[in-house]
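A.B. asks: Could you have a look at this structure, given as structure tokens, before my questions?
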Amino acid sequence: MKKIPFLILIQFVLSASLDPAAAPPPNQWGVSVLEVGKSRDATQEQEALRDSLELMGIPYRATSSVKEASLRPLMLIGGLMLNTELSPSDREALYSYVERGGILLATQVQGNRFFPLFGISRAETSRLNFELRFTSMVDPSLRYLNRPEEKIISLGDPKLYSETVWSTEYLPSPGADVLARYENGAVAVTRHAYGRGLAYALGLGFKETTLIPQLAQSYEAARRFINWFEPSGDVFRLLLRGLYEDTVHPFLLVHTVPDGKQTALCLSHDVDAQDSFRNSLAFARMESELGVRSTFFVTTKYFPDESDIAYYSPERVDWIRQVAALGFEIGSHSVSHAWTFEEIPVGSPDVNFESYDVAHSTVFGEVRVSKELLDRDLNQRTTGFRSGYLRYPHELLRALEESGYTFDSSVSAQWVLTNFPHFGFRQRALGSERSRIVVVPVTLDDSKGELKTREFLTAANQDEALRIWTDVVRANGENNATSCLLIHPSDATYKLQTERRLIEILRGEDIWIGDVGSVARFWRDRHRLRPVLRMAPGEPATIVLNVAKKDLPPGQTLVVERFDGGPAPRILDAEGQVVEAGVRLHNDRYFLLLR
């Protein structure tokens with residue numbers, strides 16, 4: 001797409017969640033989110049779209065004014081495209097926007113008054129589509145969809161459900177391009193040239209493809225539970241990033257990986273067996289030797305039951321103290337490590353070690369008492385949690401938030417269909433409040449094979465497991481996503497050896513390797529970073545940050561397109577002071593590592 005020269009002041013704003021009084025005025029460059037409709041479905045779609053843009057680090061500004069939204073070259077519709085949503089004059093303005101050269105993307109286009117704009121002659125809704133297949137990859141917006149798992153995405157398991165999420169099937173008009181179809185052949189994604197612009201119609205909303213999966217309510221859409229590259233929930237986000245990079249020049253992104261690396265690998269261990277406490281020290285020493293850190297999630301099982309002894313004993317706690325003394329992060333892995341954790345009541349937030357009845361376990365009891373014991377025995381403030389067996393209670397994040405945790409790793413990336421850390425919800429239900437807990441999904445697990453009775457990693461299959469893990473990490477790297485490895489330190493021979501080999505293979509690549517909490521803190525800091533890119537004729541490009549230099553969060557990177565061969569922009573903090581940055585030019589874009 002042709003790049004248009006700069007004629008005006010350009011200001012990019014990362015998020016519409018800024019205080020409107022403090023935000024820069026509307027500009028004629030960047031991305032608009034036109035929010036239409038006030039129904040529950042419309043507001044949930046708007047939330048899902050904003051969340052997807054923020055997760056990708058894409059600048060945008062939300063508005064309900066078609067006139068204001070039309071000032072930018074890329075417009076995304078947040079809401080449902082029904083005939084009742086826009087006035088005749090606003091509808092005419094939308095047509096004019098595309099005709100003049102604007103790029104428009106909408107989901108669930110169902111109002112026939114919009115059909116000529118999107119090149120559609122009919123639209124019908126359905127809950128019977130379980131798969132979407134990209135049939136044409138010629139559009140630049142699809143540049144990130146280069147793997148088979150990204151070209152065919154799952155919407156649910158037809159073996160388990162007779163219906164899945166709502167989708168819209170299109171009958172395209174002559175001249176419209178078909179980019180994707182459902183498994184029944186019906187059209188799912190169209191692109192239509194209208195005047196000098198383009199209009200894209202997605203038959204699935206961001207609510208259906210990203211928001212519902214984040215709640216682990218995705219109709220069992222995961223093609224495998226773990227140890228698999230599952231991008232089904234990320235594909236439409238990546239489509240947004242591809243479309244943005246192709247339309248807005250120069251584009252600005254807040255990078256998704258610490259220290260400007262291409263990808264990240266989190267190392268973690270679940271200490272939930274008798275021998276795991278002693279073996280944890282061997283893993284910590286190996287990782288320390290290789291210059292990396294990991295998180296050890298410790299089960300504080302201080303009582304015997306039919307499953308095991310009371311292995312959280314003073315002797316075993318001393319092994320964990322030695323691990324912590326080496327600089328490693330210690331998180332909670334609950335008290336009981338119960339398979340029924342997902343089914344137990346939430347309980348009272350007033351519970352403590354003295355009052356907790358382990359025979360009648362609760363979610364609050366498991367998260368609060370384990371934290372109390374670890375805080376006491378390790379003289380720390382425990383902030384990370386992972387449940388046993390990756391069980392995910394309905395109100396887990398609410399309990400964690402109210403108990404003083406800051407991050408969670410209790411769900412597989414496959415189960416929530418995303419390979420990016422993200423802010424979860426206080427309850428696993430649509431309409432729930434967004435939580436302050438950062439969720440870092442588990443991608444790779446030594447204990448879970450395709451069959452529940454068989455471990456994934458064994459002494460005999462190290463090479464095969466290593467091949468799969470390496471491929472998944474590299475697949476996530478192509479999207480600047482994160483992989484999280486879980487290895488149980490129940491064995492300090494072949495398991496330790498396999499992890500060492502994985503680190504040695506990957507450490508020479510453009511990858512950040514470290515503990516789960518560091519990625520969670522990076523993600524939280526990233527969320528509050530609000531850069532603005534300013535550029536005027538005859539003046540150097542400048543990025544202005546919304547924080548003072550002394551408050552800059554570590555490891556953050558801004559990515560700016562190298563426009564017309566120009567130099568990297570200078571960076572100013574909120575007080576006008578120059579901010580130094582490490583500059584790296586890669587693939588015609590500058591990576592600016594803030595210092």
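Labels for the structure tokens follow display order: chains A, B, ..., residues from 1 in each chain, ligands from 1.
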List the neighbours of segment 141-154 of chain A out to 6 Å using only C-alpha atoms; skip same-chain residues closer than 2 positions along the sequence, and give me the result as a PDB file with N, CA and C atoms, in the first residue's frame.

C.D. replies:
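Okay, this is what ended up in selection_28.pdb:
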```pdb
ATOM      1  N   GLU A 131     -14.761 -24.457  12.737  1.00  0.00           N
ATOM      2  CA  GLU A 131     -13.424 -24.281  12.185  1.00  0.00           C
ATOM      3  C   GLU A 131     -13.449 -23.162  11.156  1.00  0.00           C
ATOM      4  N   LEU A 132     -12.346 -22.397  11.112  1.00  0.00           N
ATOM      5  CA  LEU A 132     -12.179 -21.376  10.089  1.00  0.00           C
ATOM      6  C   LEU A 132     -10.876 -21.647   9.361  1.00  0.00           C
ATOM      7  N   ARG A 133     -10.937 -21.583   8.030  1.00  0.00           N
ATOM      8  CA  ARG A 133      -9.766 -21.893   7.213  1.00  0.00           C
ATOM      9  C   ARG A 133      -9.464 -20.725   6.283  1.00  0.00           C
ATOM     10  N   PHE A 134      -8.265 -20.186   6.372  1.00  0.00           N
ATOM     11  CA  PHE A 134      -7.845 -19.141   5.449  1.00  0.00           C
ATOM     12  C   PHE A 134      -7.507 -19.795   4.112  1.00  0.00           C
ATOM     13  N   ASP A 139      -3.352 -11.258   0.965  1.00  0.00           N
ATOM     14  CA  ASP A 139      -3.525  -9.966   1.613  1.00  0.00           C
ATOM     15  C   ASP A 139      -2.400  -9.715   2.608  1.00  0.00           C
ATOM     16  N   GLY A 156     -14.100 -24.779  18.466  1.00  0.00           N
ATOM     17  CA  GLY A 156     -14.765 -25.683  19.391  1.00  0.00           C
ATOM     18  C   GLY A 156     -14.584 -27.114  18.936  1.00  0.00           C
ATOM     19  N   ALA A 221     -11.970 -25.784  22.402  1.00  0.00           N
ATOM     20  CA  ALA A 221     -11.418 -25.534  21.061  1.00  0.00           C
ATOM     21  C   ALA A 221      -9.963 -25.948  20.937  1.00  0.00           C
ATOM     22  N   SER A 232      -5.117 -20.303  17.893  1.00  0.00           N
ATOM     23  CA  SER A 232      -6.474 -20.002  17.427  1.00  0.00           C
ATOM     24  C   SER A 232      -7.008 -18.678  17.969  1.00  0.00           C
ATOM     25  N   LEU A 239      -3.868 -10.634  12.769  1.00  0.00           N
ATOM     26  CA  LEU A 239      -4.440 -10.000  11.585  1.00  0.00           C
ATOM     27  C   LEU A 239      -4.514  -8.492  11.794  1.00  0.00           C
ATOM     28  N   GLY A 242      -0.976  -7.088  11.403  1.00  0.00           N
ATOM     29  CA  GLY A 242      -0.575  -7.048  10.004  1.00  0.00           C
ATOM     30  C   GLY A 242      -1.259  -5.932   9.242  1.00  0.00           C
ATOM     31  N   LEU A 243      -2.548  -5.734   9.492  1.00  0.00           N
ATOM     32  CA  LEU A 243      -3.297  -4.677   8.809  1.00  0.00           C
ATOM     33  C   LEU A 243      -2.789  -3.303   9.232  1.00  0.00           C
TER      34      LEU A 243
END
```

A.B. asks: When you look at segment 49-65 of chain A with a cut-off of 9 Å (counting only C-alpha atoms), what residues show up, excluding the ones that are within fewer than 2 positions of it in the same chain? I need them as a PyMOL selection string.

C.D. replies: chain A and resi 12-17+26+30-37+44-47+67-70+76-79+90+205-207+210-211+234+236-238+240-241+244+251-256+420-422+526-527+531-532

A.B. asks: Go through A:Thr168, A:Ser268, A:Ser334, A:Gln262 one by one, measure the shortest atom-to-atom distance of each to Glu509 of chain A using only C-alpha atoms, and give the residue with the smallest value.

C.D. replies: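 Among the listed residues, A:Gln262 lies closest to Glu509 of chain A.
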
A.B. asks: For segment 369-381 of chain A, please output as a list in words all residues within 7 Å (counting only C-alpha atoms; exclusion window: fewer than 3 positions along the same chain).

C.D. replies: Thr300, Arg321, Ser332, Ser334, Val335, Asn352, Phe353, Gly365 and Glu366 of chain A

A.B. asks: Filtering to N, CA and C atoms, could you give me those residues as a JSON list (two decimals), in the first residue's frame?

C.D. replies:
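Result went into result_13.json, see below:
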```json
[["chain", "number", "residue", "atom", "x", "y", "z"],
["A", 300, "THR", "N", 2.57, -26.51, 49.77],
["A", 300, "THR", "CA", 2.77, -26.49, 51.22],
["A", 300, "THR", "C", 1.90, -27.54, 51.90],
["A", 321, "ARG", "N", 14.79, -22.90, 50.83],
["A", 321, "ARG", "CA", 15.52, -21.71, 51.28],
["A", 321, "ARG", "C", 16.83, -21.56, 50.51],
["A", 332, "SER", "N", 3.59, -19.98, 45.04],
["A", 332, "SER", "CA", 2.71, -20.96, 45.69],
["A", 332, "SER", "C", 2.14, -21.94, 44.68],
["A", 334, "SER", "N", -0.36, -24.03, 45.93],
["A", 334, "SER", "CA", -1.51, -24.39, 46.76],
["A", 334, "SER", "C", -1.07, -25.20, 47.98],
["A", 335, "VAL", "N", -2.03, -25.53, 48.83],
["A", 335, "VAL", "CA", -1.77, -26.34, 50.02],
["A", 335, "VAL", "C", -1.91, -27.82, 49.71],
["A", 352, "ASN", "N", -7.12, -18.36, 57.68],
["A", 352, "ASN", "CA", -5.67, -18.36, 57.86],
["A", 352, "ASN", "C", -5.23, -19.76, 58.27],
["A", 353, "PHE", "N", -3.93, -19.91, 58.54],
["A", 353, "PHE", "CA", -3.38, -21.23, 58.86],
["A", 353, "PHE", "C", -4.06, -21.84, 60.09],
["A", 365, "GLY", "N", -8.76, -20.65, 51.08],
["A", 365, "GLY", "CA", -7.89, -21.37, 51.98],
["A", 365, "GLY", "C", -6.62, -21.84, 51.31],
["A", 366, "GLU", "N", -6.76, -22.36, 50.10],
["A", 366, "GLU", "CA", -5.60, -22.88, 49.38],
["A", 366, "GLU", "C", -4.61, -21.78, 49.00]]
```

A.B. asks: To test your reading of the structure, identify every residue in segment 352-544 of chain A that backbone DSSP assigns to strand (DSSP E), and report it as an NGL selection string.

C.D. replies: :A and (384-385 or 407-408 or 422-425 or 434-439 or 444-445 or 482-486 or 511-514 or 532-535 or 542-544)

A.B. asks: Just write the chosen residues, C-alpha atoms, as a PDB file, in the first residue's frame.

C.D. replies:
```pdb
ATOM      1  CA  GLY A 384       2.950 -15.868  42.137  1.00  0.00           C
ATOM      2  CA  PHE A 385       0.540 -18.800  42.093  1.00  0.00           C
ATOM      3  CA  PHE A 407       0.443 -13.079  38.794  1.00  0.00           C
ATOM      4  CA  ASP A 408      -0.951 -16.524  38.035  1.00  0.00           C
ATOM      5  CA  HIS A 422      -2.547 -10.996  29.653  1.00  0.00           C
ATOM      6  CA  PHE A 423      -4.673  -9.510  32.415  1.00  0.00           C
ATOM      7  CA  GLY A 424      -7.313 -12.040  33.415  1.00  0.00           C
ATOM      8  CA  PHE A 425     -10.806 -11.617  34.812  1.00  0.00           C
ATOM      9  CA  ARG A 434     -10.867  -7.231  34.540  1.00  0.00           C
ATOM     10  CA  SER A 435      -8.390  -8.393  37.163  1.00  0.00           C
ATOM     11  CA  ARG A 436      -5.057  -6.835  38.075  1.00  0.00           C
ATOM     12  CA  ILE A 437      -3.592 -10.358  37.999  1.00  0.00           C
ATOM     13  CA  VAL A 438      -1.286 -11.021  35.047  1.00  0.00           C
ATOM     14  CA  VAL A 439      -1.851 -14.509  33.627  1.00  0.00           C
ATOM     15  CA  LEU A 444       5.095 -26.805  27.607  1.00  0.00           C
ATOM     16  CA  ASP A 445       4.767 -29.452  30.331  1.00  0.00           C
ATOM     17  CA  THR A 482       5.924 -16.039  25.023  1.00  0.00           C
ATOM     18  CA  SER A 483       6.389 -19.724  25.866  1.00  0.00           C
ATOM     19  CA  CYS A 484       6.285 -21.028  29.438  1.00  0.00           C
ATOM     20  CA  LEU A 485       7.992 -24.316  30.293  1.00  0.00           C
ATOM     21  CA  LEU A 486       6.929 -26.441  33.269  1.00  0.00           C
ATOM     22  CA  ILE A 511      15.372 -14.929  23.083  1.00  0.00           C
ATOM     23  CA  TRP A 512      14.806 -13.774  26.654  1.00  0.00           C
ATOM     24  CA  ILE A 513      14.962 -16.646  29.182  1.00  0.00           C
ATOM     25  CA  GLY A 514      13.939 -16.202  32.800  1.00  0.00           C
ATOM     26  CA  VAL A 532       3.219   9.408  21.634  1.00  0.00           C
ATOM     27  CA  LEU A 533       5.068   9.813  18.317  1.00  0.00           C
ATOM     28  CA  ARG A 534       5.298  13.372  17.043  1.00  0.00           C
ATOM     29  CA  MET A 535       6.646  14.421  13.689  1.00  0.00           C
ATOM     30  CA  THR A 542      10.161  12.465  18.564  1.00  0.00           C
ATOM     31  CA  ILE A 543       8.568   9.950  20.897  1.00  0.00           C
ATOM     32  CA  VAL A 544       7.171  11.486  24.066  1.00  0.00           C
TER      33      VAL A 544
END
```

A.B. asks: Quick one: residues within 10 Å of Arg467 of chain A, only C-alpha atoms counted, chain neighbours fewer than 5 positions away excluded, as a list of chain:residue names?

C.D. replies: A:Gln462, A:Val472, A:Leu502

A.B. asks: Report the residues of segment 57-146 of chain A whose backbone DSSP state falls under alpha helix (DSSP H), written as a PyMOL selection string.

C.D. replies: chain A and resi 66-69+88-99+115-118
